[in-house]
$ cat protein_23.cif   # mmCIF, C-alpha atoms
data_work
loop_
_atom_site.label_atom_id
_atom_site.label_comp_id
_atom_site.auth_asym_id
_atom_site.auth_seq_id
_atom_site.Cartn_x
_atom_site.Cartn_y
_atom_site.Cartn_z
CA MET A 6 -186.87 -47.01 -154.97
CA ARG A 7 -184.52 -49.41 -153.20
CA CYS A 8 -180.97 -48.28 -152.70
CA GLY A 9 -178.39 -50.15 -154.72
CA THR A 10 -175.80 -49.82 -157.44
CA ALA A 11 -177.08 -49.07 -160.92
CA PHE A 12 -174.71 -49.21 -163.86
CA GLY A 13 -175.27 -45.53 -164.62
CA GLY A 14 -173.59 -44.57 -161.36
CA HIS A 15 -170.16 -45.31 -162.86
CA MET A 16 -170.66 -46.01 -166.57
CA LYS A 17 -171.58 -49.31 -168.16
CA ARG A 18 -169.15 -52.05 -167.23
CA LYS A 19 -167.42 -54.02 -169.95
CA ILE A 20 -167.40 -57.77 -169.42
CA LYS A 21 -165.81 -58.78 -172.73
CA ASN A 22 -164.99 -56.91 -175.93
CA ASN A 23 -168.19 -55.13 -177.03
CA VAL A 24 -170.37 -56.67 -174.33
CA SER A 25 -171.22 -54.66 -171.20
CA TRP A 26 -173.14 -55.23 -167.99
CA VAL A 27 -175.94 -52.70 -167.52
CA GLY A 28 -177.82 -54.17 -164.57
CA TYR A 29 -178.58 -53.32 -160.97
CA ILE A 30 -176.86 -54.56 -157.82
CA ASP A 31 -179.30 -54.53 -154.92
CA TRP A 32 -177.38 -54.69 -151.66
CA GLU A 33 -180.41 -53.99 -149.47
CA LEU A 34 -182.73 -56.63 -150.93
CA LYS A 35 -183.91 -59.00 -148.18
CA THR A 36 -186.59 -61.16 -149.81
CA PHE A 37 -187.58 -62.32 -153.30
CA HIS A 38 -190.59 -63.98 -154.91
CA GLY A 39 -192.66 -61.88 -152.53
CA ASP A 40 -191.25 -62.94 -149.18
CA ASP A 41 -190.79 -66.59 -150.15
CA PHE A 42 -187.03 -66.54 -150.76
CA SER A 43 -184.64 -65.02 -148.25
CA ILE A 44 -181.75 -62.84 -149.41
CA MET A 45 -178.77 -62.88 -147.06
CA HIS A 46 -176.04 -61.23 -149.13
CA GLY A 47 -177.84 -58.94 -151.56
CA SER A 48 -178.63 -59.78 -155.17
CA SER A 49 -178.43 -58.38 -158.66
CA GLN A 50 -180.51 -58.13 -161.78
CA ASN A 51 -178.05 -58.52 -164.64
CA ALA A 52 -178.84 -56.99 -168.01
CA TYR A 53 -176.37 -56.89 -170.89
CA LEU A 54 -175.69 -54.55 -173.80
CA ILE A 55 -174.02 -55.84 -176.99
CA GLU A 56 -172.61 -53.21 -179.35
CA GLU A 57 -171.51 -54.87 -182.56
CA GLU A 58 -172.83 -53.75 -185.97
CA LYS A 59 -176.17 -54.36 -184.29
CA THR A 60 -176.90 -53.04 -180.81
CA VAL A 61 -178.72 -55.55 -178.64
CA LEU A 62 -180.09 -55.36 -175.11
CA ILE A 63 -180.43 -58.69 -173.29
CA ASP A 64 -183.01 -58.53 -170.50
CA THR A 65 -183.76 -55.58 -168.24
CA VAL A 66 -184.20 -55.16 -164.47
CA TRP A 67 -186.88 -55.45 -161.82
CA ALA A 68 -189.86 -53.10 -162.05
CA PRO A 69 -188.92 -50.90 -159.02
CA HIS A 70 -185.77 -49.84 -160.89
CA ARG A 71 -187.30 -49.46 -164.36
CA PHE A 72 -187.17 -45.67 -164.70
CA GLU A 73 -183.62 -45.43 -163.35
CA PHE A 74 -182.60 -48.22 -165.72
CA VAL A 75 -184.00 -46.42 -168.78
CA GLU A 76 -182.51 -43.06 -167.78
CA ASN A 77 -179.10 -44.62 -167.22
CA LEU A 78 -179.30 -46.46 -170.54
CA LYS A 79 -179.98 -43.15 -172.27
CA LYS A 80 -176.70 -41.82 -170.90
CA GLU A 81 -174.83 -44.64 -172.63
CA ILE A 82 -176.57 -44.87 -176.01
CA PRO A 83 -179.46 -43.18 -177.83
CA LEU A 84 -182.34 -45.58 -177.29
CA ASP A 85 -183.20 -45.53 -180.99
CA LYS A 86 -179.79 -47.11 -181.63
CA ILE A 87 -181.04 -50.34 -180.05
CA ASP A 88 -181.74 -52.70 -182.94
CA PHE A 89 -183.55 -55.28 -180.84
CA VAL A 90 -184.21 -56.47 -177.32
CA ILE A 91 -184.04 -60.06 -176.08
CA ALA A 92 -186.31 -61.22 -173.24
CA ASN A 93 -184.83 -64.51 -172.09
CA HIS A 94 -187.57 -64.87 -169.47
CA GLY A 95 -190.78 -62.96 -168.76
CA GLU A 96 -190.59 -62.88 -164.95
CA ILE A 97 -190.83 -59.36 -163.60
CA ASP A 98 -187.31 -59.23 -162.17
CA HIS A 99 -185.98 -59.46 -165.75
CA SER A 100 -188.78 -57.87 -167.75
CA GLY A 101 -189.82 -55.17 -165.29
CA ALA A 102 -188.25 -52.28 -167.24
CA LEU A 103 -189.73 -53.29 -170.60
CA THR A 104 -192.82 -51.14 -170.11
CA ALA A 105 -190.75 -48.00 -169.57
CA LEU A 106 -188.22 -48.87 -172.28
CA LEU A 107 -190.72 -49.82 -174.98
CA ALA A 108 -192.78 -46.73 -174.26
CA GLU A 109 -189.82 -44.84 -175.75
CA ILE A 110 -188.95 -47.28 -178.58
CA PRO A 111 -192.31 -49.03 -179.15
CA ASP A 112 -191.47 -50.65 -182.50
CA VAL A 113 -188.16 -52.26 -181.52
CA PRO A 114 -188.20 -56.05 -182.15
CA LEU A 115 -188.49 -58.12 -178.96
CA TYR A 116 -187.09 -61.64 -179.29
CA CYS A 117 -188.48 -64.29 -176.94
CA THR A 118 -190.14 -67.72 -176.84
CA ALA A 119 -193.80 -68.30 -177.62
CA ASN A 120 -194.46 -68.91 -173.93
CA ALA A 121 -192.75 -65.62 -173.10
CA VAL A 122 -195.27 -63.77 -175.26
CA LYS A 123 -198.01 -65.31 -173.11
CA SER A 124 -196.30 -64.42 -169.84
CA LEU A 125 -195.38 -60.87 -170.89
CA GLU A 126 -198.86 -60.09 -172.19
CA GLY A 127 -200.35 -61.80 -169.14
CA GLN A 128 -198.39 -59.56 -166.80
CA TYR A 129 -198.38 -56.27 -168.71
CA GLY A 130 -201.37 -56.55 -171.03
CA LYS A 131 -201.43 -56.53 -174.81
CA ARG A 132 -199.43 -53.42 -175.68
CA GLY A 133 -198.75 -54.16 -179.34
CA TRP A 134 -195.10 -55.01 -178.76
CA ASN A 135 -193.16 -56.20 -181.81
CA PHE A 136 -192.60 -59.81 -180.74
CA LYS A 137 -190.25 -62.05 -182.69
CA VAL A 138 -190.85 -65.63 -181.53
CA VAL A 139 -187.81 -67.91 -181.53
CA LYS A 140 -187.06 -71.53 -180.70
CA THR A 141 -183.93 -73.61 -180.07
CA GLY A 142 -181.42 -73.27 -182.90
CA ASP A 143 -182.84 -70.04 -184.32
CA SER A 144 -180.25 -67.30 -184.69
CA VAL A 145 -179.86 -63.66 -185.63
CA ASP A 146 -176.83 -61.96 -187.15
CA ILE A 147 -175.36 -59.05 -185.17
CA GLY A 148 -172.49 -58.22 -187.53
CA ASN A 149 -168.70 -58.48 -187.34
CA GLY A 150 -169.02 -62.19 -188.07
CA LYS A 151 -171.03 -62.82 -184.89
CA LYS A 152 -174.53 -64.05 -184.24
CA LEU A 153 -176.85 -64.86 -181.38
CA ILE A 154 -178.24 -68.39 -181.08
CA PHE A 155 -181.35 -69.05 -179.01
CA ILE A 156 -181.77 -72.09 -176.74
CA GLU A 157 -185.11 -72.84 -175.12
CA MET A 158 -184.73 -73.68 -171.42
CA PRO A 159 -188.26 -74.64 -170.34
CA MET A 160 -188.72 -74.93 -166.57
CA MET A 161 -185.35 -73.42 -165.77
CA HIS A 162 -187.39 -72.15 -164.08
CA TRP A 163 -190.49 -70.98 -166.02
CA PRO A 164 -192.01 -72.49 -169.19
CA ASP A 165 -190.94 -69.36 -171.12
CA SER A 166 -187.23 -69.44 -170.19
CA MET A 167 -184.47 -69.47 -172.77
CA ALA A 168 -180.76 -68.75 -173.02
CA THR A 169 -178.94 -66.76 -175.68
CA TYR A 170 -175.48 -67.73 -176.96
CA MET A 171 -173.16 -65.21 -178.60
CA THR A 172 -170.69 -66.63 -181.11
CA GLY A 173 -167.23 -65.16 -181.43
CA ASP A 174 -167.09 -64.11 -177.80
CA ASN A 175 -168.53 -67.49 -176.74
CA ILE A 176 -170.82 -66.09 -174.05
CA LEU A 177 -173.88 -67.95 -172.80
CA PHE A 178 -176.47 -65.53 -171.43
CA SER A 179 -178.21 -68.13 -169.30
CA ASN A 180 -180.86 -66.07 -167.49
CA ASP A 181 -181.93 -67.80 -164.24
CA ALA A 182 -179.89 -70.94 -164.86
CA PHE A 183 -176.49 -70.91 -163.10
CA GLY A 184 -177.36 -67.82 -161.07
CA GLN A 185 -177.50 -66.93 -157.39
CA HIS A 186 -179.09 -64.24 -155.27
CA PHE A 187 -175.73 -62.78 -154.35
CA ALA A 188 -174.42 -59.23 -154.69
CA VAL A 189 -170.87 -59.03 -156.04
CA GLU A 190 -169.79 -55.49 -156.90
CA GLU A 191 -166.82 -56.85 -158.88
CA LEU A 192 -169.29 -58.90 -161.02
CA PHE A 193 -167.08 -61.95 -161.71
CA ASN A 194 -166.91 -65.35 -160.04
CA ASP A 195 -163.14 -65.19 -159.48
CA LYS A 196 -163.61 -61.97 -157.49
CA ALA A 197 -166.30 -63.41 -155.20
CA ASP A 198 -166.00 -65.08 -151.82
CA GLN A 199 -165.97 -68.69 -153.03
CA CYS A 200 -167.63 -70.17 -149.96
CA LEU A 201 -170.50 -67.69 -150.11
CA LEU A 202 -170.77 -68.07 -153.88
CA TYR A 203 -171.32 -71.81 -153.74
CA LYS A 204 -173.53 -71.57 -150.66
CA GLU A 205 -175.80 -69.13 -152.50
CA ALA A 206 -175.66 -71.10 -155.76
CA MET A 207 -176.74 -74.27 -153.94
CA LYS A 208 -179.46 -72.41 -152.03
CA TYR A 209 -180.77 -71.02 -155.32
CA TYR A 210 -180.81 -74.47 -156.92
CA ALA A 211 -182.34 -76.24 -153.92
CA ASN A 212 -185.15 -73.73 -153.39
CA ILE A 213 -185.96 -72.71 -156.97
CA LEU A 214 -184.69 -75.23 -159.52
CA ASN A 215 -184.77 -78.56 -157.68
CA PRO A 216 -188.43 -79.27 -158.58
CA PHE A 217 -187.33 -79.22 -162.22
CA SER A 218 -184.21 -81.37 -161.84
CA MET A 219 -185.48 -83.88 -164.40
CA MET A 220 -185.64 -81.11 -167.02
CA VAL A 221 -182.23 -79.81 -165.97
CA GLY A 222 -180.81 -83.30 -166.40
CA LYS A 223 -182.16 -83.49 -169.94
CA LYS A 224 -181.23 -79.95 -170.98
CA LEU A 225 -177.54 -80.05 -169.98
CA PRO A 226 -176.68 -82.84 -172.48
CA GLU A 227 -178.72 -81.04 -175.16
CA ILE A 228 -176.63 -77.90 -174.70
CA ALA A 229 -173.42 -79.96 -174.74
CA ALA A 230 -174.54 -81.63 -177.98
CA MET A 231 -174.73 -78.22 -179.67
CA ASN A 232 -170.91 -78.08 -179.41
CA LEU A 233 -170.87 -74.42 -178.49
CA PRO A 234 -167.57 -73.34 -176.91
CA ILE A 235 -168.39 -71.51 -173.68
CA ASP A 236 -165.82 -69.01 -172.40
CA MET A 237 -168.23 -67.12 -170.15
CA ILE A 238 -171.64 -67.73 -168.57
CA ALA A 239 -173.58 -64.56 -167.86
CA PRO A 240 -176.69 -65.29 -165.76
CA SER A 241 -179.33 -62.82 -164.69
CA HIS A 242 -178.56 -62.95 -160.96
CA GLY A 243 -175.24 -63.02 -159.18
CA VAL A 244 -171.78 -63.53 -160.60
CA ILE A 245 -170.68 -63.76 -164.20
CA TRP A 246 -168.70 -66.99 -164.60
CA ARG A 247 -165.49 -66.17 -166.48
CA GLU A 248 -162.93 -68.32 -164.65
CA ASN A 249 -163.60 -71.98 -165.50
CA PRO A 250 -167.23 -71.20 -166.35
CA LEU A 251 -168.19 -74.85 -166.78
CA GLN A 252 -167.63 -75.46 -163.08
CA ILE A 253 -171.20 -74.34 -162.36
CA VAL A 254 -172.53 -76.52 -165.21
CA ASN A 255 -170.75 -79.49 -163.66
CA LYS A 256 -172.31 -78.64 -160.29
CA TYR A 257 -175.77 -78.56 -161.88
CA ALA A 258 -175.08 -82.00 -163.33
CA GLU A 259 -174.39 -83.23 -159.77
CA TRP A 260 -177.24 -81.36 -158.16
CA CYS A 261 -179.94 -82.51 -160.59
CA ALA A 262 -179.13 -86.20 -159.95
CA ALA A 263 -180.91 -86.65 -156.59
CA TYR A 264 -178.01 -84.96 -154.82
CA LYS A 265 -177.08 -85.87 -151.28
CA GLU A 266 -174.09 -85.82 -148.97
CA ASP A 267 -173.28 -87.77 -145.81
CA GLN A 268 -175.54 -85.54 -143.74
CA VAL A 269 -178.68 -85.97 -141.63
CA THR A 270 -180.74 -82.96 -140.66
CA VAL A 271 -183.06 -82.92 -137.66
CA ILE A 272 -185.90 -80.46 -138.16
CA TYR A 273 -188.55 -79.67 -135.59
CA ASP A 274 -190.72 -77.22 -133.72
CA THR A 275 -191.65 -77.62 -130.10
CA MET A 276 -194.29 -76.35 -127.70
CA TRP A 277 -192.92 -77.00 -124.20
CA ASP A 278 -189.47 -78.32 -125.13
CA GLY A 279 -190.30 -82.05 -125.02
CA THR A 280 -190.02 -82.45 -128.79
CA ALA A 281 -186.83 -80.37 -128.70
CA ALA A 282 -185.34 -82.82 -126.19
CA ILE A 283 -186.04 -85.72 -128.57
CA ALA A 284 -184.50 -83.77 -131.46
CA HIS A 285 -181.28 -83.24 -129.54
CA GLU A 286 -181.11 -86.88 -128.47
CA ILE A 287 -181.58 -87.96 -132.10
CA ALA A 288 -178.67 -85.71 -133.11
CA ARG A 289 -176.44 -87.20 -130.40
CA GLU A 290 -177.34 -90.73 -131.43
CA ILE A 291 -176.53 -90.07 -135.09
CA ASN A 292 -173.09 -88.96 -134.00
CA ARG A 293 -172.67 -92.05 -131.80
CA GLN A 294 -173.60 -94.44 -134.60
CA SER A 295 -171.94 -92.59 -137.49
CA PRO A 296 -169.27 -90.13 -136.26
CA ASP A 297 -168.36 -88.98 -139.78
CA THR A 298 -171.94 -88.02 -140.68
CA VAL A 299 -172.65 -84.29 -140.57
CA VAL A 300 -175.58 -83.52 -138.27
CA LYS A 301 -177.63 -80.33 -138.31
CA VAL A 302 -180.42 -79.51 -135.82
CA LEU A 303 -182.80 -76.78 -136.97
CA ASN A 304 -185.87 -75.31 -135.31
CA ILE A 305 -188.41 -74.43 -138.01
CA ALA A 306 -189.80 -71.49 -136.04
CA LYS A 307 -186.36 -69.95 -135.52
CA THR A 308 -184.51 -70.79 -138.75
CA ASP A 309 -185.02 -69.35 -142.21
CA LYS A 310 -186.98 -71.89 -144.25
CA ASN A 311 -184.82 -71.52 -147.37
CA GLU A 312 -181.70 -72.19 -145.33
CA ILE A 313 -183.39 -75.31 -143.93
CA MET A 314 -184.25 -76.53 -147.42
CA THR A 315 -180.65 -76.11 -148.52
CA GLU A 316 -179.65 -78.43 -145.67
CA VAL A 317 -182.36 -80.90 -146.66
CA PHE A 318 -181.00 -80.81 -150.22
CA LYS A 319 -177.58 -81.83 -148.88
CA SER A 320 -178.98 -84.55 -146.61
CA LYS A 321 -179.39 -88.25 -147.24
CA ALA A 322 -182.04 -88.38 -144.52
CA ILE A 323 -184.05 -86.10 -142.27
CA ALA A 324 -185.89 -86.51 -138.99
CA VAL A 325 -188.90 -84.25 -138.50
CA GLY A 326 -190.60 -83.55 -135.19
CA SER A 327 -193.71 -81.81 -133.91
CA PRO A 328 -195.87 -82.11 -130.82
CA THR A 329 -199.51 -82.95 -131.34
CA ALA A 330 -201.58 -79.76 -131.20
CA GLU A 331 -205.36 -79.64 -131.65
CA ASN A 332 -205.33 -83.20 -133.03
CA ASN A 333 -202.74 -82.14 -135.61
CA ILE A 334 -199.18 -80.86 -135.88
CA LEU A 335 -197.95 -77.33 -135.26
CA SER A 336 -198.82 -74.90 -138.06
CA THR A 337 -195.15 -73.97 -138.47
CA VAL A 338 -194.31 -77.59 -139.27
CA ALA A 339 -197.37 -78.06 -141.49
CA GLY A 340 -196.52 -75.00 -143.57
CA TRP A 341 -192.91 -76.07 -143.88
CA LEU A 342 -193.97 -79.54 -145.03
CA THR A 343 -196.10 -77.99 -147.77
CA PHE A 344 -192.98 -76.22 -149.05
CA LEU A 345 -190.98 -79.45 -148.70
CA LYS A 346 -193.44 -81.28 -150.95
CA ALA A 347 -193.22 -78.55 -153.58
CA LEU A 348 -189.45 -78.96 -153.88
CA ARG A 349 -189.74 -82.64 -154.92
CA PHE A 350 -186.63 -84.04 -153.31
CA LYS A 351 -185.74 -87.57 -154.42
CA ASN A 352 -184.09 -90.64 -152.86
CA LYS A 353 -184.04 -89.38 -149.29
CA LYS A 354 -185.20 -91.11 -146.10
CA ALA A 355 -187.21 -89.62 -143.25
CA ALA A 356 -188.25 -90.33 -139.68
CA ALA A 357 -190.89 -88.72 -137.48
CA PHE A 358 -191.00 -87.94 -133.77
CA GLY A 359 -192.86 -85.81 -131.24
CA CYS A 360 -194.62 -85.44 -127.92
CA TYR A 361 -198.33 -85.44 -127.11
CA GLY A 362 -200.59 -84.91 -124.13
CA TRP A 363 -203.80 -86.81 -124.79
CA SER A 364 -204.62 -87.58 -128.45
CA GLY A 365 -201.22 -88.25 -130.06
CA GLU A 366 -201.97 -88.02 -133.80
CA GLY A 367 -198.95 -85.83 -134.59
CA VAL A 368 -196.33 -88.44 -135.43
CA GLY A 369 -198.69 -90.36 -137.73
CA ILE A 370 -199.62 -87.14 -139.52
CA LEU A 371 -195.93 -86.32 -139.96
CA LYS A 372 -195.26 -89.73 -141.49
CA ASN A 373 -198.08 -89.39 -143.98
CA LEU A 374 -197.01 -85.88 -145.00
CA LEU A 375 -193.39 -86.95 -145.42
CA LYS A 376 -194.47 -89.86 -147.62
CA ASP A 377 -196.61 -87.45 -149.62
CA ALA A 378 -193.51 -85.26 -150.06
CA GLY A 379 -191.67 -88.17 -151.70
CA PHE A 380 -189.52 -89.39 -148.80
CA THR A 381 -188.97 -93.02 -147.83
CA VAL A 382 -190.35 -92.99 -144.28
CA ILE A 383 -189.07 -95.56 -141.80
CA ASP A 384 -191.43 -97.41 -139.47
CA GLU A 385 -189.49 -96.61 -136.31
CA GLU A 386 -190.66 -93.53 -134.42
CA VAL A 387 -190.34 -91.76 -131.08
CA LYS A 388 -193.74 -90.79 -129.73
CA SER A 389 -193.60 -89.50 -126.17
CA LEU A 390 -196.49 -88.96 -123.75
CA TRP A 391 -195.91 -85.59 -122.09
CA ASN A 392 -192.16 -85.17 -121.68
CA PRO A 393 -189.73 -87.82 -122.97
CA ASP A 394 -188.18 -90.12 -120.37
CA ASP A 395 -185.57 -92.87 -120.50
CA ASP A 396 -188.01 -95.30 -122.09
CA ASP A 397 -188.58 -92.87 -124.94
CA PHE A 398 -184.89 -92.18 -125.42
CA ARG A 399 -184.23 -95.94 -125.58
CA LYS A 400 -186.24 -95.95 -128.83
CA VAL A 401 -183.84 -93.54 -130.50
CA PRO A 402 -180.99 -95.96 -131.36
CA ALA A 403 -183.29 -98.23 -133.37
CA LEU A 404 -184.73 -95.24 -135.19
CA ILE A 405 -181.27 -93.99 -136.12
CA SER A 406 -180.06 -97.45 -137.14
CA SER A 407 -182.97 -97.74 -139.58
CA LEU A 408 -182.55 -94.15 -140.82
CA LEU A 409 -178.85 -94.65 -141.58
CA LYS A 410 -179.23 -97.99 -143.42
#
$ encode --input "protein_23.cif" --output "structure tokens"
Amino acid sequence: MRCGTAFGGHMKRKIKNNVSWVGYIDWELKTFHGDDFSIMHGSSQNAYLIEEEKTVLIDTVWAPHRFEFVENLKKEIPLDKIDFVIANHGEIDHSGALTALLAEIPDVPLYCTANAVKSLEGQYGKRGWNFKVVKTGDSVDIGNGKKLIFIEMPMMHWPDSMATYMTGDNILFSNDAFGQHFAVEELFNDKADQCLLYKEAMKYYANILNPFSMMVGKKLPEIAAMNLPIDMIAPSHGVIWRENPLQIVNKYAEWCAAYKEDQVTVIYDTMWDGTAAIAHEIAREINRQSPDTVVKVLNIAKTDKNEIMTEVFKSKAIAVGSPTAENNILSTVAGWLTFLKALRFKNKKAAAFGCYGWSGEGVGILKNLLKDAGFTVIDEEVKSLWNPDDDDFRKVPALISSLLK
């Protein structure tokens, strides 16, 4: 089992009235989604326990922590006191303890979307769980004048995703939406390092949710139209938003609308430093022509790919470079471009550059792949035979002028 902080180590942690956090803070976690998402500052799997007239568990934790989670939950309440469980999303980081939990209380109702039934049974097999399928607007009474209202959130970020809203306390349990892979022992957004919080929130959006920005853009107004007062947003990763919780909703509204800043990112890999020399000259020329534009230069082979994609998300344009290798581009660049296409960035420009020794296909391949990834690719290029010389560098100003238009 990974080392971390489970709620049972120091009692469940109240977040508001009769609502407690019962999750797992994983300080040592380094990667997620296999090894496809880098974790720089830990993460958490947030589960929540509501104890009104009805006792409700919202989500669980990742499978490696399932037995610890169940044992800790037993220390807080008899498991047979749980009236029902809500699975906002079937992905294993939220549903991973269901197998251990429902082995002990097999008949407890499990509220989720129709797609969540498919994903849960697909992952864990048909175990005869007592599914209660819900859709947007359905609700369940939990006593003391309060109820839970369900809101389908398809593709934020799986087809089965939903959020659960608790009346009275005005808490939106948003699952993956509005979260971050970020460990904060104090749990709340006002206790977190604000720079790191927004860096990790943007990284999470850029690398996980950006492909579904169109759905995000449609869902936010739908939630607003429900006229639900929101005093707290409790996602399934990272901080709980209690201070000005709508600040992250407002950020999502910005981020889903083809977000970009006054930034250009130069991204490359190099074989014998010729392509690197062009990359650095491109960066210098951007600064000459547009001194207020932020410029980042990132080597794909030496920089975490998720960090690169966060910079692409912020950029209005990128320049991508690779030498020609075996009549193609370097495999590092090719793999990165496959990921770039998957993230579906919109309304961004791109340029291509690189060195070659004899065949020279690399720059043309880069252009085609960038177009395929949805970028507006400029005609200007820097394509250098062997190492770049003054003639090659003289092509850079025109490339930058076109890229910045």
$ residues_around --input "protein_23.cif" --residues "Leu303 in chain A" --least-positions-apart "6" --cutoff "9 Å" --atoms "all atoms listed in the file" --output "PyMOL selection string"
chain A and resi 270-274+313
$ resolve_selection --input "protein_23.cif" --expression "the PyMOL selection byres ((chain A and resi 97) around 9)" --output "PyMOL selection string"
chain A and resi 66-68+94-96+98-102+125+128
$ residues_around --input "protein_23.cif" --residues "Asn22 in chain A" --least-positions-apart "4" --cutoff "12 Å" --atoms "only C-alpha atoms" --output "JSON, numbers by chain"
{"A": [18, 26, 54, 55, 56, 57, 171, 173, 174, 175, 176]}
$ resolve_selection --input "protein_23.cif" --expression "the PyMOL selection byres ((chain A and resi 207) around 12)" --output "PyMOL selection string"
chain A and resi 182-187+200-206+208-215+253+256-257+259-261+264-265+311-312+314-319
$ closest_residue --input "protein_23.cif" --among "A:Gly142, A:Pro250, A:Gly326, A:Pro111" --to "Gly367 in chain A" --atoms "all atoms listed in the file"
A:Gly326
$ resolve_selection --input "protein_23.cif" --expression "the PyMOL selection byres ((chain A and resi 86) around 12)" --output "VMD selection string"
chain A and resid 54 to 62 78 to 79 81 to 85 87 to 90 109 to 110 113
$ atom_distance --input "protein_23.cif" --atom1 "CA of Leu107 in chain A" --atom2 "CA of Asp143 in chain A"
23.6 Å
$ closest_residue --input "protein_23.cif" --among "A:Trp134, A:Phe358, A:Phe42, A:Tyr53" --to "Tyr29 in chain A" --atoms "only C-alpha atoms"
A:Tyr53
$ residues_around --input "protein_23.cif" --residues "Val189 in chain A" --least-positions-apart "2" --cutoff "7 Å" --atoms "only C-alpha atoms" --output "mmCIF file with C-alpha atoms, in the frame of the given file"
data_model
loop_
_atom_site.group_PDB
_atom_site.id
_atom_site.type_symbol
_atom_site.label_atom_id
_atom_site.label_comp_id
_atom_site.auth_asym_id
_atom_site.auth_seq_id
_atom_site.Cartn_x
_atom_site.Cartn_y
_atom_site.Cartn_z
ATOM 1 C CA PHE A 187 -175.730 -62.780 -154.350
ATOM 2 C CA GLU A 191 -166.820 -56.850 -158.880
ATOM 3 C CA LEU A 192 -169.290 -58.900 -161.020
ATOM 4 C CA ALA A 197 -166.300 -63.410 -155.200
ATOM 5 C CA GLY A 243 -175.240 -63.020 -159.180
ATOM 6 C CA VAL A 244 -171.780 -63.530 -160.600
#
$ atom_distance --input "protein_23.cif" --atom1 "CA of Phe398 in chain A" --atom2 "CA of Asp278 in chain A"
14.6 Å
$ axis_aligned_box --input "protein_23.cif" --around "range 16-30 of chain A" --padding-each-side "8 Å" --output "AutoDock Vina command-line options"
--center_x -171.8 --center_y -52.4 --center_z -167.4 --size_x 29.6 --size_y 28.8 --size_z 35.2
